[in-house]
Number of protein chains: 2
Amino acid sequence: MSLLPRRTPLTSALLSRFRHPAQLIVGGFAAAITLGTVALMLPAATTSGDSAGLLRALLTATSAVCVTGLVTVNVDPHWSGFGEVVILALIQAGGLGIMTLATLLAVLVSGRLGLRARLLAQAETKTLHGTDVRRVIRNIVLFSLVSEAVLALVLGLRFALGYGEPPGRAAYLGIFHSISSFNNAGFALWSDGMMRFVADPWVSLPVAFAVILGGLGFPVVFELARAWRRPRTWSVLTRITVGMSVVLLAGGTLLFTAVEWDNPRTLGPLSDQVKIMAGFFTAVMPRSGGLNVIDISQMRPESWLATDILMFIGGGSAGTAGGIKVTTFGLLAFVMWAELRGEDRVNVGHRRVAGPVQRQALTIALLGVGLVAAGTFLLMFITPHSLDRVLFEVISAFATVGLTTGITPELPAAGQVLIIILMFVGRVGPLTIFSALALRERTRRYELPEERPIVG
Amino acid sequence: MSLLPRRTPLTSALLSRFRHPAQLIVGGFAAAITLGTVALMLPAATTSGDSAGLLRALLTATSAVCVTGLVTVNVDPHWSGFGEVVILALIQAGGLGIMTLATLLAVLVSGRLGLRARLLAQAETKTLHGTDVRRVIRNIVLFSLVSEAVLALVLGLRFALGYGEPPGRAAYLGIFHSISSFNNAGFALWSDGMMRFVADPWVSLPVAFAVILGGLGFPVVFELARAWRRPRTWSVLTRITVGMSVVLLAGGTLLFTAVEWDNPRTLGPLSDQVKIMAGFFTAVMPRSGGLNVIDISQMRPESWLATDILMFIGGGSAGTAGGIKVTTFGLLAFVMWAELRGEDRVNVGHRRVAGPVQRQALTIALLGVGLVAAGTFLLMFITPHSLDRVLFEVISAFATVGLTTGITPELPAAGQVLIIILMFVGRVGPLTIFSALALRERTRRYELPEERPIVG
Ligand SMILES: [K+]
Ligand SMILES: [K+]
């Protein structure tokens, strides 16, 4: 049951260069954040011409690289054109970095993951060459840029034709919000997020679609592109990702629409059709787009709780989404179901899920719960806010969502540092843990006697 | 890896009488609650002489049988002497029922559990006879009654000598609070709980000790009585229960004392020594004694969150405590630790923990999380309360703790029904699930191809 990858020339080369691939990821993200912080501290980055200061620049850069979207100042009035471009570059770098690193890591440990074959549409036994890795990266970059270009075109045209923006400004707004949407970054140039577009399907639906697409993860998108007509051939990864996404999006839409239907501060004043559309948008964004067409701070507390749960679950693996991922959540649900039915094996579709993967899912979920609990406790300790708002903000940071009930801008410095740490660990952690888990294995030379203590 | 018990004459007889042992447990608790409800609806049960009504009687009877302690009216002014005796009998029946049924279930499925041998101090291979079961039950009843008698004596003497209560009243108060404490029932005859004894170690410390003792669970107490000098021989069950209990009690004491130290409405006005003692008492009660020496409704929200976590974890298996149990929590922590270290096996002390037990622990924890999340969402939907208070009340009901931030008495009928359901499922559920898991197993005749989807 070893998780050690088959050593290929490439994996050997990579493993010899870095003592641990996790170092590459943590180092890469830290470097991007440092660069971004320095750039955003330049006086040229703000409209006022004064330096934003270390904490504000660090939080904004972390939020951009980790594609979260939590900010202490609104982007548009505070940052200059140069500042905005820096933020956009950080988002694009962060989003592409996540997709490529996560996908490559999966390839790297794929000797047993069974992913490489599907990913590269090659025979199971073929070893990895440098060309294959280049091809994976090229495909990811191509997929990202083409998706972003199409969305930018749609949005740009809409801003120009529907809202009378001059062509240059419309193009810029289209590109900014396209990159922000596809990379699940949660940044918007309007102080109220996307609220002005609540009734405009030409903006809100393409944005929601881009968030879903970017958040599915490259391996799933690639498999869907290749075999969307043949669901029976899908891998466990794709089955769970698509299935859980449909369930969570449909359930979330129903729930938000029902709970907020007559809330005068959110859906109340809207027409029935727009209510459902806004409910759908609100159900999409926790996984982990982070944009909003209704005022999150005015939602009912039970909607916050539902959002908390959706944010914690997050989106697809090896995509731009955060959270523990729908695969982790779905797998745990399957394990529970098998246990309740008294089945020895955990089967998804016509595949058996390997035992070690079940334990990985458990570990990732528990680490997430522990981190969120600790973060919530600490933030409650240093602020006067209630559990509703603090839990929401902590999960939003951990799951790199960016939705807010409004407390992040008011946080004291210690609270802002906590949010920065949560964003970084939430973004890098699952990857790092995954790699640390998958590439390290010690085996005892002897077996200890087995025992089954009571639980529950 | 079958969990089916070895069929012995006794297990065969039991299994042939009930299609499923879970039916016995659910039916037994439901019958006790029904009887209690009828008794408490009698006019003689209230001081006013009017019937308490169905909902109030049902909630109180459920709370007593499930040893929870959440109530909509204070016991002393509302219920008559007869009503109090009914409540006390329900508590004793519920507590003894839980201890014996849980222990017997463990024995029943112990062919592979390795528990019977330790429990009965017999050889591993010896089969069960009727006499062994009678001996287990006798030991449990003896242990309960002796513990309760000793505590009743201590408390009764203190009430008589320290507070000038007349002998009869002191004895009654001693017996009532002894039975309530040992069975982790959370009922007190004072409207402010045990707050008047915050500075009295002769009351608060024996009560805390009884709560811990009753909540450890009979198998652990029995093993400790037999081998407390030889920790190296302890079973995994006892190791985890004792270890986690020490960690949670010490951590909880530290945390509550620190957070509430200068809260003028809780620990603030007390002397340093009393602060620490009250912090200890407050750390003991979430697992799941349910009594209080400080005003829970005035604690800081971060203390509520910490209490939530401690309540959810609960106490020991096969005892009077509720929650998912420290064994479940501890086992999951060990599984996570093994995964992070890259160990293939999960070892506790010098024993390897069986794979199916890990999956049981995961299932119990996930079911608990799901139930609490659903209950919290529903209660938030039907009341105007914040997440802080609703989550606290829901976990308190689910984990049969009985601590309250004060909202239970104000709940609408639908909310009270929800609390009743949570208490019942929380009390019976883990047992039922355990038995359902352990006594039912289907095996596929063929193996499906294995796959390892990405998680996280
Ligand atoms: K985001
Ligand atoms: K209790």
# chains A, B, ... in the order shown; residues from 1 in each chain; ligands from 1
>>> calpha_fit_and_write(fixed="chain B", moving="chain A", output="compact mmCIF listing (two decimals) with C-alpha atoms, in the first residue's frame")
# COMPACT_ATOMS: atom_id res chain seq x y z
CA MET A 1 -11.98 -8.11 8.59
CA SER A 2 -15.49 -9.16 9.55
CA LEU A 3 -17.05 -7.44 12.52
CA LEU A 4 -19.49 -10.27 13.07
CA PRO A 5 -19.31 -11.51 16.66
CA ARG A 6 -18.51 -15.08 17.43
CA ARG A 7 -21.88 -16.62 18.05
CA THR A 8 -22.13 -17.85 21.62
CA PRO A 9 -25.24 -19.31 23.22
CA LEU A 10 -26.08 -15.95 24.71
CA THR A 11 -25.51 -13.84 21.63
CA SER A 12 -27.49 -16.30 19.56
CA ALA A 13 -30.34 -16.15 22.02
CA LEU A 14 -30.34 -12.36 22.09
CA LEU A 15 -30.03 -12.05 18.33
CA SER A 16 -32.89 -14.46 17.77
CA ARG A 17 -35.13 -12.52 20.14
CA PHE A 18 -34.52 -9.11 18.61
CA ARG A 19 -34.10 -8.61 14.89
CA HIS A 20 -31.58 -5.98 15.85
CA PRO A 21 -30.23 -5.02 19.28
CA ALA A 22 -30.69 -1.37 18.31
CA GLN A 23 -34.43 -1.99 18.51
CA LEU A 24 -34.07 -3.01 22.14
CA ILE A 25 -32.26 0.21 23.00
CA VAL A 26 -34.49 2.58 21.07
CA GLY A 27 -37.58 0.80 22.39
CA GLY A 28 -36.34 0.83 25.97
CA PHE A 29 -35.56 4.54 25.98
CA ALA A 30 -38.82 5.40 24.21
CA ALA A 31 -40.80 3.36 26.74
CA ALA A 32 -39.08 5.04 29.70
CA ILE A 33 -39.73 8.48 28.22
CA THR A 34 -43.39 7.64 27.56
CA LEU A 35 -43.90 6.40 31.12
CA GLY A 36 -42.12 9.45 32.50
CA THR A 37 -44.17 11.82 30.35
CA VAL A 38 -47.43 10.28 31.56
CA ALA A 39 -46.28 10.50 35.20
CA LEU A 40 -45.18 14.12 34.83
CA MET A 41 -48.50 15.05 33.20
CA LEU A 42 -50.35 14.04 36.37
CA PRO A 43 -51.60 17.03 38.36
CA ALA A 44 -49.82 15.60 41.41
CA ALA A 45 -46.47 16.16 39.67
CA THR A 46 -46.66 19.96 39.87
CA THR A 47 -46.76 22.26 42.87
CA SER A 48 -49.66 24.17 41.33
CA GLY A 49 -51.75 21.02 40.97
CA ASP A 50 -52.37 21.72 37.27
CA SER A 51 -51.10 19.28 34.64
CA ALA A 52 -47.79 20.39 33.15
CA GLY A 53 -49.09 19.64 29.67
CA LEU A 54 -47.72 17.26 27.07
CA LEU A 55 -44.81 19.28 25.66
CA ARG A 56 -43.35 20.33 29.01
CA ALA A 57 -43.74 16.83 30.47
CA LEU A 58 -42.26 15.22 27.33
CA LEU A 59 -39.27 17.57 27.26
CA THR A 60 -38.58 17.08 30.97
CA ALA A 61 -38.95 13.30 30.78
CA THR A 62 -36.70 13.11 27.70
CA SER A 63 -34.17 15.38 29.35
CA ALA A 64 -34.16 13.15 32.46
CA VAL A 65 -34.03 9.74 30.71
CA CYS A 66 -31.39 11.00 28.28
CA VAL A 67 -29.52 12.52 31.30
CA THR A 68 -29.30 15.89 29.58
CA GLY A 69 -30.67 18.53 31.93
CA LEU A 70 -32.08 21.06 29.48
CA VAL A 71 -35.44 22.24 30.85
CA THR A 72 -38.05 24.87 30.06
CA VAL A 73 -39.01 25.33 33.73
CA ASN A 74 -36.86 25.14 36.86
CA VAL A 75 -37.32 21.86 38.69
CA ASP A 76 -37.84 23.15 42.22
CA PRO A 77 -40.61 25.71 42.03
CA HIS A 78 -42.51 23.92 39.23
CA TRP A 79 -42.48 20.21 40.04
CA SER A 80 -43.87 18.79 43.30
CA GLY A 81 -42.03 16.33 45.54
CA PHE A 82 -43.66 13.52 43.56
CA GLY A 83 -42.58 15.15 40.29
CA GLU A 84 -39.01 15.44 41.56
CA VAL A 85 -38.91 11.78 42.54
CA VAL A 86 -40.22 10.83 39.08
CA ILE A 87 -37.44 12.90 37.50
CA LEU A 88 -34.86 11.31 39.80
CA ALA A 89 -36.13 7.81 38.94
CA LEU A 90 -35.96 8.62 35.22
CA ILE A 91 -32.39 9.87 35.61
CA GLN A 92 -31.34 6.73 37.48
CA ALA A 93 -33.09 4.48 34.96
CA GLY A 94 -31.59 6.36 32.03
CA GLY A 95 -28.08 6.40 33.49
CA LEU A 96 -28.08 2.72 34.46
CA GLY A 97 -29.70 1.83 31.14
CA ILE A 98 -27.00 3.56 29.18
CA MET A 99 -24.16 2.01 31.16
CA THR A 100 -25.51 -1.52 31.07
CA LEU A 101 -26.74 -1.49 27.47
CA ALA A 102 -23.56 0.07 26.15
CA THR A 103 -21.36 -2.30 28.11
CA LEU A 104 -23.42 -5.35 27.14
CA LEU A 105 -23.40 -4.32 23.50
CA ALA A 106 -19.63 -4.10 23.68
CA VAL A 107 -19.59 -7.56 25.25
CA LEU A 108 -22.04 -8.81 22.65
CA VAL A 109 -19.80 -7.87 19.76
CA SER A 110 -16.66 -8.59 21.69
CA GLY A 111 -15.69 -11.72 19.83
CA ARG A 112 -13.30 -9.41 18.04
CA LEU A 113 -13.38 -6.41 20.31
CA GLY A 114 -10.99 -7.93 22.80
CA LEU A 115 -12.99 -6.18 25.47
CA ARG A 116 -14.74 -9.10 27.08
CA ALA A 117 -11.59 -10.64 28.44
CA ARG A 118 -10.57 -7.48 30.19
CA LEU A 119 -14.08 -6.69 31.28
CA LEU A 120 -14.67 -10.03 32.91
CA ALA A 121 -11.04 -10.64 33.75
CA GLN A 122 -11.29 -13.93 31.96
CA ALA A 123 -9.31 -15.69 29.31
CA GLU A 124 -9.74 -14.37 25.78
CA THR A 125 -11.22 -17.62 24.53
CA LYS A 126 -13.87 -18.15 27.18
CA THR A 127 -17.39 -17.94 25.81
CA LEU A 128 -20.14 -15.89 27.35
CA HIS A 129 -22.62 -17.49 29.69
CA GLY A 130 -25.72 -16.04 31.24
CA THR A 131 -23.85 -15.80 34.54
CA ASP A 132 -21.22 -13.54 33.01
CA VAL A 133 -23.84 -11.10 31.76
CA ARG A 134 -25.53 -11.09 35.15
CA ARG A 135 -22.16 -10.42 36.71
CA VAL A 136 -21.49 -7.48 34.41
CA ILE A 137 -24.88 -5.98 35.20
CA ARG A 138 -24.42 -6.61 38.92
CA ASN A 139 -21.01 -4.93 38.85
CA ILE A 140 -22.38 -1.90 37.05
CA VAL A 141 -25.33 -1.50 39.42
CA LEU A 142 -23.04 -1.98 42.42
CA PHE A 143 -20.54 0.53 41.08
CA SER A 144 -23.29 3.09 40.45
CA LEU A 145 -25.06 2.69 43.78
CA VAL A 146 -21.89 2.69 45.89
CA SER A 147 -20.53 5.77 44.08
CA GLU A 148 -23.85 7.56 44.46
CA ALA A 149 -24.15 6.60 48.14
CA VAL A 150 -20.68 7.92 48.97
CA LEU A 151 -21.31 11.20 47.13
CA ALA A 152 -24.77 11.55 48.69
CA LEU A 153 -23.21 11.14 52.14
CA VAL A 154 -20.54 13.77 51.46
CA LEU A 155 -23.03 16.26 50.01
CA GLY A 156 -25.68 15.57 52.62
CA LEU A 157 -23.24 16.14 55.47
CA ARG A 158 -22.02 19.35 53.86
CA PHE A 159 -25.57 20.67 53.31
CA ALA A 160 -26.46 19.83 56.93
CA LEU A 161 -23.28 21.02 58.63
CA GLY A 162 -22.23 23.85 56.33
CA TYR A 163 -25.57 25.28 55.31
CA GLY A 164 -27.81 24.40 58.28
CA GLU A 165 -30.29 22.31 56.27
CA PRO A 166 -32.47 20.05 58.45
CA PRO A 167 -31.29 16.39 58.30
CA GLY A 168 -34.14 15.11 56.09
CA ARG A 169 -33.81 17.95 53.59
CA ALA A 170 -30.00 17.66 53.60
CA ALA A 171 -30.24 13.93 52.88
CA TYR A 172 -32.73 14.53 50.06
CA LEU A 173 -30.60 17.28 48.51
CA GLY A 174 -27.53 15.04 48.85
CA ILE A 175 -29.24 12.09 47.15
CA PHE A 176 -30.79 14.17 44.36
CA HIS A 177 -27.57 15.94 43.39
CA SER A 178 -25.50 12.81 43.86
CA ILE A 179 -27.64 10.85 41.38
CA SER A 180 -27.77 13.82 39.06
CA SER A 181 -23.98 14.25 39.18
CA PHE A 182 -22.91 10.62 38.84
CA ASN A 183 -25.32 10.05 35.95
CA ASN A 184 -24.15 13.28 34.26
CA ALA A 185 -27.78 14.37 34.29
CA GLY A 186 -27.34 18.11 34.75
CA PHE A 187 -30.44 18.57 36.93
CA ALA A 188 -30.16 20.78 40.02
CA LEU A 189 -32.81 21.90 42.50
CA TRP A 190 -31.54 25.48 42.57
CA SER A 191 -32.63 27.87 39.86
CA ASP A 192 -29.03 29.11 39.39
CA GLY A 193 -27.61 25.59 39.18
CA MET A 194 -24.65 25.20 41.54
CA MET A 195 -23.62 28.87 41.49
CA ARG A 196 -24.04 29.30 45.24
CA PHE A 197 -21.32 26.66 45.73
CA VAL A 198 -18.72 28.30 43.49
CA ALA A 199 -16.37 28.91 46.43
CA ASP A 200 -17.19 25.70 48.32
CA PRO A 201 -14.73 22.92 47.44
CA TRP A 202 -16.70 20.47 49.65
CA VAL A 203 -19.56 20.61 47.18
CA SER A 204 -18.06 21.55 43.83
CA LEU A 205 -15.08 19.18 43.85
CA PRO A 206 -16.99 15.99 44.84
CA VAL A 207 -19.64 16.84 42.23
CA ALA A 208 -16.96 17.37 39.57
CA PHE A 209 -15.27 14.12 40.57
CA ALA A 210 -18.57 12.19 40.34
CA VAL A 211 -19.24 13.63 36.89
CA ILE A 212 -15.79 12.51 35.72
CA LEU A 213 -16.16 9.06 37.30
CA GLY A 214 -19.62 8.41 35.83
CA GLY A 215 -18.51 9.77 32.48
CA LEU A 216 -15.38 7.61 32.16
CA GLY A 217 -17.51 4.60 31.35
CA PHE A 218 -17.73 1.28 33.14
CA PRO A 219 -15.15 -0.66 31.07
CA VAL A 220 -12.50 1.98 31.77
CA VAL A 221 -13.39 2.28 35.45
CA PHE A 222 -13.28 -1.50 35.79
CA GLU A 223 -9.88 -1.69 34.11
CA LEU A 224 -8.53 1.19 36.18
CA ALA A 225 -9.76 -0.45 39.38
CA ARG A 226 -7.97 -3.64 38.39
CA ALA A 227 -4.76 -2.25 36.89
CA TRP A 228 -4.36 1.43 37.69
CA ARG A 229 -0.78 0.76 38.81
CA ARG A 230 0.18 -0.81 35.48
CA PRO A 231 -0.59 1.71 32.72
CA ARG A 232 1.52 -0.29 30.29
CA THR A 233 -1.08 -3.07 30.37
CA TRP A 234 -4.02 -0.75 29.65
CA SER A 235 -6.19 -1.35 26.61
CA VAL A 236 -6.38 1.22 23.83
CA LEU A 237 -9.82 2.21 25.15
CA THR A 238 -8.46 3.06 28.59
CA ARG A 239 -5.30 4.71 27.30
CA ILE A 240 -7.21 7.04 24.99
CA THR A 241 -9.98 7.73 27.50
CA VAL A 242 -7.61 8.60 30.34
CA GLY A 243 -5.13 10.47 28.14
CA MET A 244 -7.72 12.55 26.32
CA SER A 245 -9.60 13.25 29.55
CA VAL A 246 -6.46 14.61 31.23
CA VAL A 247 -5.61 16.74 28.19
CA LEU A 248 -9.14 18.11 27.77
CA LEU A 249 -9.66 18.80 31.48
CA ALA A 250 -6.29 20.52 31.90
CA GLY A 251 -6.64 22.48 28.65
CA GLY A 252 -10.23 23.43 29.44
CA THR A 253 -9.37 24.61 32.95
CA LEU A 254 -6.53 26.75 31.63
CA LEU A 255 -8.66 28.18 28.87
CA PHE A 256 -11.78 29.05 30.87
CA THR A 257 -9.73 30.48 33.71
CA ALA A 258 -7.72 32.64 31.30
CA VAL A 259 -10.64 33.85 29.14
CA GLU A 260 -13.04 34.57 32.01
CA TRP A 261 -10.40 35.80 34.52
CA ASP A 262 -11.46 39.46 34.40
CA ASN A 263 -15.05 39.01 33.18
CA PRO A 264 -16.99 40.91 35.89
CA ARG A 265 -20.05 38.71 35.30
CA THR A 266 -18.34 35.34 35.77
CA LEU A 267 -14.91 34.85 37.40
CA GLY A 268 -14.04 38.51 37.83
CA PRO A 269 -15.29 39.07 41.39
CA LEU A 270 -13.82 35.80 42.76
CA SER A 271 -10.52 35.20 44.54
CA ASP A 272 -7.67 33.74 42.47
CA GLN A 273 -7.97 30.31 44.06
CA VAL A 274 -11.73 30.18 43.51
CA LYS A 275 -11.25 31.33 39.91
CA ILE A 276 -9.10 28.29 39.20
CA MET A 277 -11.51 25.96 40.99
CA ALA A 278 -14.46 27.42 39.06
CA GLY A 279 -12.45 27.16 35.83
CA PHE A 280 -11.86 23.48 36.56
CA PHE A 281 -15.56 22.91 37.33
CA THR A 282 -16.50 24.69 34.08
CA ALA A 283 -14.05 22.49 32.16
CA VAL A 284 -15.45 19.29 33.69
CA MET A 285 -19.13 19.99 33.03
CA PRO A 286 -19.18 19.98 29.21
CA ARG A 287 -18.30 16.24 29.32
CA SER A 288 -21.32 16.06 30.01
CA GLY A 289 -22.32 16.88 33.56
CA GLY A 290 -24.19 20.02 32.65
CA LEU A 291 -24.01 21.78 36.01
CA ASN A 292 -22.59 25.27 36.44
CA VAL A 293 -20.97 27.38 39.17
CA ILE A 294 -20.75 30.49 36.98
CA ASP A 295 -23.44 32.11 34.84
CA ILE A 296 -23.03 30.41 31.45
CA SER A 297 -25.17 33.04 29.71
CA GLN A 298 -22.64 35.72 30.76
CA MET A 299 -19.51 33.92 29.60
CA ARG A 300 -17.55 35.39 26.70
CA PRO A 301 -18.52 34.05 23.25
CA GLU A 302 -15.09 32.43 22.84
CA SER A 303 -15.76 30.48 26.05
CA TRP A 304 -19.02 29.31 24.48
CA LEU A 305 -17.09 28.14 21.42
CA ALA A 306 -14.60 26.25 23.60
CA THR A 307 -17.52 24.73 25.51
CA ASP A 308 -19.13 23.75 22.20
CA ILE A 309 -16.02 21.82 21.23
CA LEU A 310 -15.67 20.13 24.63
CA MET A 311 -19.38 19.22 24.66
CA PHE A 312 -19.23 17.77 21.15
CA ILE A 313 -16.26 15.58 22.14
CA GLY A 314 -18.02 14.49 25.33
CA GLY A 315 -16.83 11.82 27.76
CA GLY A 316 -15.96 8.12 27.82
CA SER A 317 -17.64 5.29 25.94
CA ALA A 318 -20.19 3.06 27.68
CA GLY A 319 -20.65 5.57 30.51
CA THR A 320 -23.23 8.19 31.30
CA ALA A 321 -21.48 10.87 29.24
CA GLY A 322 -22.67 12.02 25.82
CA GLY A 323 -21.03 13.52 22.75
CA ILE A 324 -19.08 11.59 20.13
CA LYS A 325 -16.87 10.37 23.02
CA VAL A 326 -13.21 11.02 23.78
CA THR A 327 -12.29 7.65 22.25
CA THR A 328 -13.75 8.66 18.90
CA PHE A 329 -12.02 12.02 19.01
CA GLY A 330 -8.73 10.61 20.27
CA LEU A 331 -8.72 7.85 17.69
CA LEU A 332 -9.28 10.33 14.87
CA ALA A 333 -6.39 12.41 16.23
CA PHE A 334 -4.18 9.31 16.17
CA VAL A 335 -5.27 8.49 12.61
CA MET A 336 -4.44 12.04 11.53
CA TRP A 337 -1.10 11.92 13.28
CA ALA A 338 -0.20 8.62 11.63
CA GLU A 339 -1.15 10.06 8.25
CA LEU A 340 0.93 13.20 8.79
CA ARG A 341 3.93 11.11 9.83
CA GLY A 342 3.44 8.90 6.80
CA GLU A 343 2.84 5.78 8.92
CA ASP A 344 0.84 3.02 7.30
CA ARG A 345 -0.52 1.73 10.63
CA VAL A 346 -2.27 3.56 13.43
CA ASN A 347 -0.66 2.54 16.70
CA VAL A 348 -1.75 3.58 20.17
CA GLY A 349 0.69 2.53 22.85
CA HIS A 350 1.75 -0.92 21.74
CA ARG A 351 -1.41 -1.82 19.90
CA ARG A 352 -2.43 -1.40 16.31
CA VAL A 353 -5.92 0.04 15.81
CA ALA A 354 -8.02 -2.01 13.39
CA GLY A 355 -8.99 -0.30 10.14
CA PRO A 356 -12.76 -0.80 10.52
CA VAL A 357 -12.67 0.93 13.90
CA GLN A 358 -11.06 3.96 12.31
CA ARG A 359 -13.92 4.07 9.83
CA GLN A 360 -16.46 3.73 12.65
CA ALA A 361 -14.91 6.69 14.44
CA LEU A 362 -15.03 8.74 11.26
CA THR A 363 -18.68 7.83 10.70
CA ILE A 364 -19.72 8.68 14.24
CA ALA A 365 -17.94 12.05 14.08
CA LEU A 366 -19.42 12.91 10.67
CA LEU A 367 -22.94 11.91 11.73
CA GLY A 368 -22.51 14.13 14.78
CA VAL A 369 -21.31 17.06 12.71
CA GLY A 370 -24.16 16.59 10.26
CA LEU A 371 -26.79 16.36 12.98
CA VAL A 372 -25.47 19.43 14.80
CA ALA A 373 -25.24 21.43 11.56
CA ALA A 374 -28.79 20.50 10.52
CA GLY A 375 -30.17 21.16 14.00
CA THR A 376 -28.40 24.52 14.22
CA PHE A 377 -29.66 25.59 10.82
CA LEU A 378 -33.25 24.62 11.65
CA LEU A 379 -33.22 26.28 15.07
CA MET A 380 -31.75 29.47 13.56
CA PHE A 381 -34.52 29.36 10.97
CA ILE A 382 -37.32 29.22 13.57
CA THR A 383 -35.81 31.58 16.17
CA PRO A 384 -34.17 35.01 15.99
CA HIS A 385 -31.10 33.94 18.00
CA SER A 386 -27.46 34.24 16.88
CA LEU A 387 -25.20 31.34 15.94
CA ASP A 388 -23.35 31.61 19.29
CA ARG A 389 -26.40 30.72 21.35
CA VAL A 390 -28.13 28.37 18.93
CA LEU A 391 -25.02 26.27 18.29
CA PHE A 392 -24.38 26.06 22.04
CA GLU A 393 -27.93 24.87 22.77
CA VAL A 394 -27.98 22.37 19.89
CA ILE A 395 -24.64 20.80 20.88
CA SER A 396 -25.73 20.80 24.53
CA ALA A 397 -28.84 18.81 23.55
CA PHE A 398 -27.08 16.49 21.09
CA ALA A 399 -24.25 15.75 23.54
CA THR A 400 -26.76 15.44 26.44
CA VAL A 401 -24.89 18.09 28.44
CA GLY A 402 -27.63 20.41 29.66
CA LEU A 403 -25.63 23.64 29.86
CA THR A 404 -27.55 26.57 28.41
CA THR A 405 -27.05 30.17 27.39
CA GLY A 406 -30.67 30.63 28.37
CA ILE A 407 -32.64 30.19 25.16
CA THR A 408 -34.26 26.78 25.75
CA PRO A 409 -37.02 28.10 28.07
CA GLU A 410 -37.92 30.73 25.44
CA LEU A 411 -38.07 28.38 22.47
CA PRO A 412 -41.31 28.04 20.47
CA ALA A 413 -42.96 24.60 20.46
CA ALA A 414 -41.20 23.60 17.21
CA GLY A 415 -37.85 24.51 18.75
CA GLN A 416 -38.62 22.48 21.87
CA VAL A 417 -39.53 19.48 19.73
CA LEU A 418 -36.21 19.88 17.92
CA ILE A 419 -34.37 19.89 21.27
CA ILE A 420 -36.28 16.75 22.30
CA ILE A 421 -35.32 14.99 19.07
CA LEU A 422 -31.68 16.05 19.41
CA MET A 423 -31.52 14.78 23.00
CA PHE A 424 -33.05 11.43 22.04
CA VAL A 425 -30.96 10.90 18.89
CA GLY A 426 -27.83 12.18 20.62
CA ARG A 427 -28.33 9.76 23.50
CA VAL A 428 -29.54 6.71 21.62
CA GLY A 429 -27.85 7.38 18.28
CA PRO A 430 -24.22 6.59 18.95
CA LEU A 431 -25.25 3.34 20.65
CA THR A 432 -27.64 2.42 17.90
CA ILE A 433 -25.19 3.30 15.20
CA PHE A 434 -22.46 1.42 16.96
CA SER A 435 -24.56 -1.69 17.18
CA ALA A 436 -25.90 -1.31 13.69
CA LEU A 437 -22.36 -0.95 12.41
CA ALA A 438 -20.89 -3.74 14.45
CA LEU A 439 -23.57 -6.35 13.87
CA ARG A 440 -24.23 -5.90 10.21
CA GLU A 441 -21.79 -6.59 7.46
CA ARG A 442 -22.28 -7.40 3.84
CA THR A 443 -19.35 -8.52 1.76
CA ARG A 444 -19.08 -8.28 -1.97
CA ARG A 445 -18.22 -11.52 -3.63
CA TYR A 446 -15.85 -9.80 -6.05
CA GLU A 447 -13.27 -7.06 -5.78
CA LEU A 448 -13.58 -3.94 -7.86
CA PRO A 449 -10.47 -2.35 -9.38
CA GLU A 450 -8.86 0.05 -6.96
CA GLU A 451 -8.48 3.78 -7.53
CA ARG A 452 -7.03 6.70 -5.63
CA PRO A 453 -8.73 9.99 -6.45
CA ILE A 454 -7.09 13.23 -5.40
CA VAL A 455 -8.31 14.73 -2.18
CA GLY A 456 -7.61 18.25 -0.93
